[in-house]
Amino acid sequence: MAEQMRYRASCEYTLDRVSDVFDGHVYRDLCRTEIEVDGQKLPCNYFSDPRDIALGLSTDGFAPFRRRKTTTWPIIVYNYNLPPDIRFHRQYILCLGVVPGPKKPKDFDSFLWPAVEEFLALVLGTRAYDALQHELFLLRAHLIVIGGDIPAISMLMRMKGHNGLSPCRMCKIKGLRIPNSRATTHYVPLD
């Protein structure tokens with residue numbers, strides 16, 4: 001497992017195509033950036049140690065029962081240090097918790113806060129043992145990807161969502177209200 005965890009450090013970056021998250025410019029920029037926590041710079045860059053771990057977080061609401069009137073929201077972490085062919089297999093996924101229903105949480109941050117505290121501690125590092133080199137080292141982990149569908153990302157970013165005036169977090173598209181309707185939701189016309 002220690003050898004598989006070295007995938008991130010051993011993968012070759014390609015400039016002409018993106019085949020993994022580590023080919024993206026955001027990751028490459030992070031590798032050249034000093035780590036800063038609470039205004040204090042640490043004496044290293046992100047992913048300067050080949051044993052540093054890249055993590056991704058995901059959430060999505062689903063209805064656990066047939067009636068579909070209640071929803072629940074799992075908080076899941078993926079280990080991007082593992083090779084792509086196994087990183088999303090069930091045995092390598094970490095479920096940090098499940099936000100109970102019956103409806104979408106109004107304050108998702110209150111459920112996510114314990115995970116944020118852990119992520120901040122992992123940026124500072126924790127002592128760990130390297131089974132390949134037989135030595136103690138400071139293990140660091142960094143959250144590089146947050147994913148989900150539009151309602152989940154809207155909730156994480158505290159945006160109105162896909163029915164809002166500006167439903168997209170990436171572009172400046174504007175929604176319209178339904179003509180001659182008292183509905184307060186917006187839609188994005190195809191024309």
# chains A, B, ... in the order shown; residues from 1 in each chain; ligands from 1
$ residues_around --residues "stretch 144-159 of chain A" --least-positions-apart "4" --cutoff "7 Å" --atoms "only C-alpha atoms" --output "PyMOL selection string"
chain A and resi 54-60
$ residues_around --residues "stretch 85-94 of chain A" --least-positions-apart "5" --cutoff "12 Å" --atoms "only C-alpha atoms" --output "list in words"
Met1, Gln4, Met5, Tyr7, Arg8, Asp20, Ala54, Leu55, Gly56, Leu57, Ser58, Thr59, Pro74, Ile75, Ile76, Val77, Tyr78, Asn79, Tyr80 and Ala115 of chain A
$ atom_distance --atom1 "atom CA of A:Cys44" --atom2 "atom CA of A:Cys95"
29.4 Å
$ select_by_dssp --residues "stretch 5-138 of chain A" --states "helix (DSSP H, G or I)" --output "MDAnalysis selection string"
chainID A and resid 5:10 21:23 25:31 90:92 108:124
$ write_last_selection --atoms "C-alpha atoms" --output "short mmCIF file (atom, residue, chain, number, x, y, z; two decimals), in the first residue's frame"
data_model
loop_
_atom_site.label_atom_id
_atom_site.label_comp_id
_atom_site.auth_asym_id
_atom_site.auth_seq_id
_atom_site.Cartn_x
_atom_site.Cartn_y
_atom_site.Cartn_z
CA MET A 5 0.49 5.74 -2.25
CA ARG A 6 3.53 7.01 -4.22
CA TYR A 7 1.51 7.24 -7.46
CA ARG A 8 1.17 11.03 -7.18
CA ALA A 9 4.90 11.54 -6.78
CA SER A 10 5.78 9.17 -9.63
CA VAL A 21 -5.87 15.78 -11.75
CA PHE A 22 -2.08 16.15 -11.43
CA ASP A 23 -1.79 17.33 -15.05
CA HIS A 25 -2.34 23.87 -13.86
CA VAL A 26 -3.96 24.32 -10.43
CA TYR A 27 -2.01 21.37 -9.01
CA ARG A 28 1.24 22.49 -10.68
CA ASP A 29 0.75 26.00 -9.27
CA LEU A 30 0.21 24.53 -5.80
CA CYS A 31 3.52 22.65 -6.06
CA ARG A 90 -15.10 1.37 -2.05
CA GLN A 91 -12.30 0.04 0.19
CA TYR A 92 -10.21 3.21 -0.42
CA PHE A 108 -23.89 22.54 6.02
CA ASP A 109 -20.79 24.27 7.43
CA SER A 110 -21.73 23.18 10.95
CA PHE A 111 -21.53 19.54 9.85
CA LEU A 112 -18.34 20.10 7.84
CA TRP A 113 -16.44 22.03 10.54
CA PRO A 114 -14.87 18.97 12.28
CA ALA A 115 -13.48 17.86 8.90
CA VAL A 116 -12.12 21.35 8.23
CA GLU A 117 -10.29 21.27 11.57
CA GLU A 118 -8.76 17.90 10.62
CA PHE A 119 -7.72 19.19 7.19
CA LEU A 120 -6.01 22.18 8.81
CA ALA A 121 -4.15 19.88 11.19
CA LEU A 122 -3.07 17.68 8.26
CA VAL A 123 -1.67 20.71 6.42
CA LEU A 124 0.58 21.37 9.43
#
$ select_by_dssp --residues "stretch 21-94 of chain A" --states "strand (DSSP E)" --output "list in words"
Glu34, Ile35, Glu36, Val37, Gln40, Lys41, Leu42, Pro43, Cys44, Asn45, Ile53, Ala54, Leu55, Gly56, Leu57, Ser58, Thr59, Trp73, Pro74, Ile75, Ile76, Val77, Tyr78, Asn79 and Leu94 of chain A
$ atom_distance --atom1 "atom CA of A:Thr72" --atom2 "atom CA of A:Val99"
5.7 Å
$ residues_around --residues "A:Ala63" --least-positions-apart "4" --cutoff "12 Å" --atoms "only C-alpha atoms" --output "PyMOL selection string"
chain A and resi 67-74+100-104
$ residues_around --residues "A:Ile178" --least-positions-apart "5" --cutoff "12 Å" --atoms "only C-alpha atoms" --output "compact mmCIF listing (two decimals) with C-alpha atoms, in the first residue's frame"
# COMPACT_ATOMS: atom_id res chain seq x y z
CA ASN A 163 -32.77 28.13 -9.83
CA LEU A 165 -30.37 34.47 -11.06
CA ALA A 183 -42.73 31.93 -9.11
CA THR A 184 -39.49 33.32 -7.73
CA THR A 185 -37.28 30.72 -9.40
CA HIS A 186 -35.23 31.42 -12.52
CA TYR A 187 -34.44 29.29 -15.56
CA VAL A 188 -31.77 29.50 -18.24
CA PRO A 189 -33.31 29.63 -21.72
$ closest_residue --among "A:Pro179, A:Pro105, A:Pro84, A:Pro167" --to "A:Gly61" --atoms "only C-alpha atoms"
A:Pro105
$ atom_distance --atom1 "atom CA of A:Asp130" --atom2 "atom CA of A:Gln40"
27.2 Å
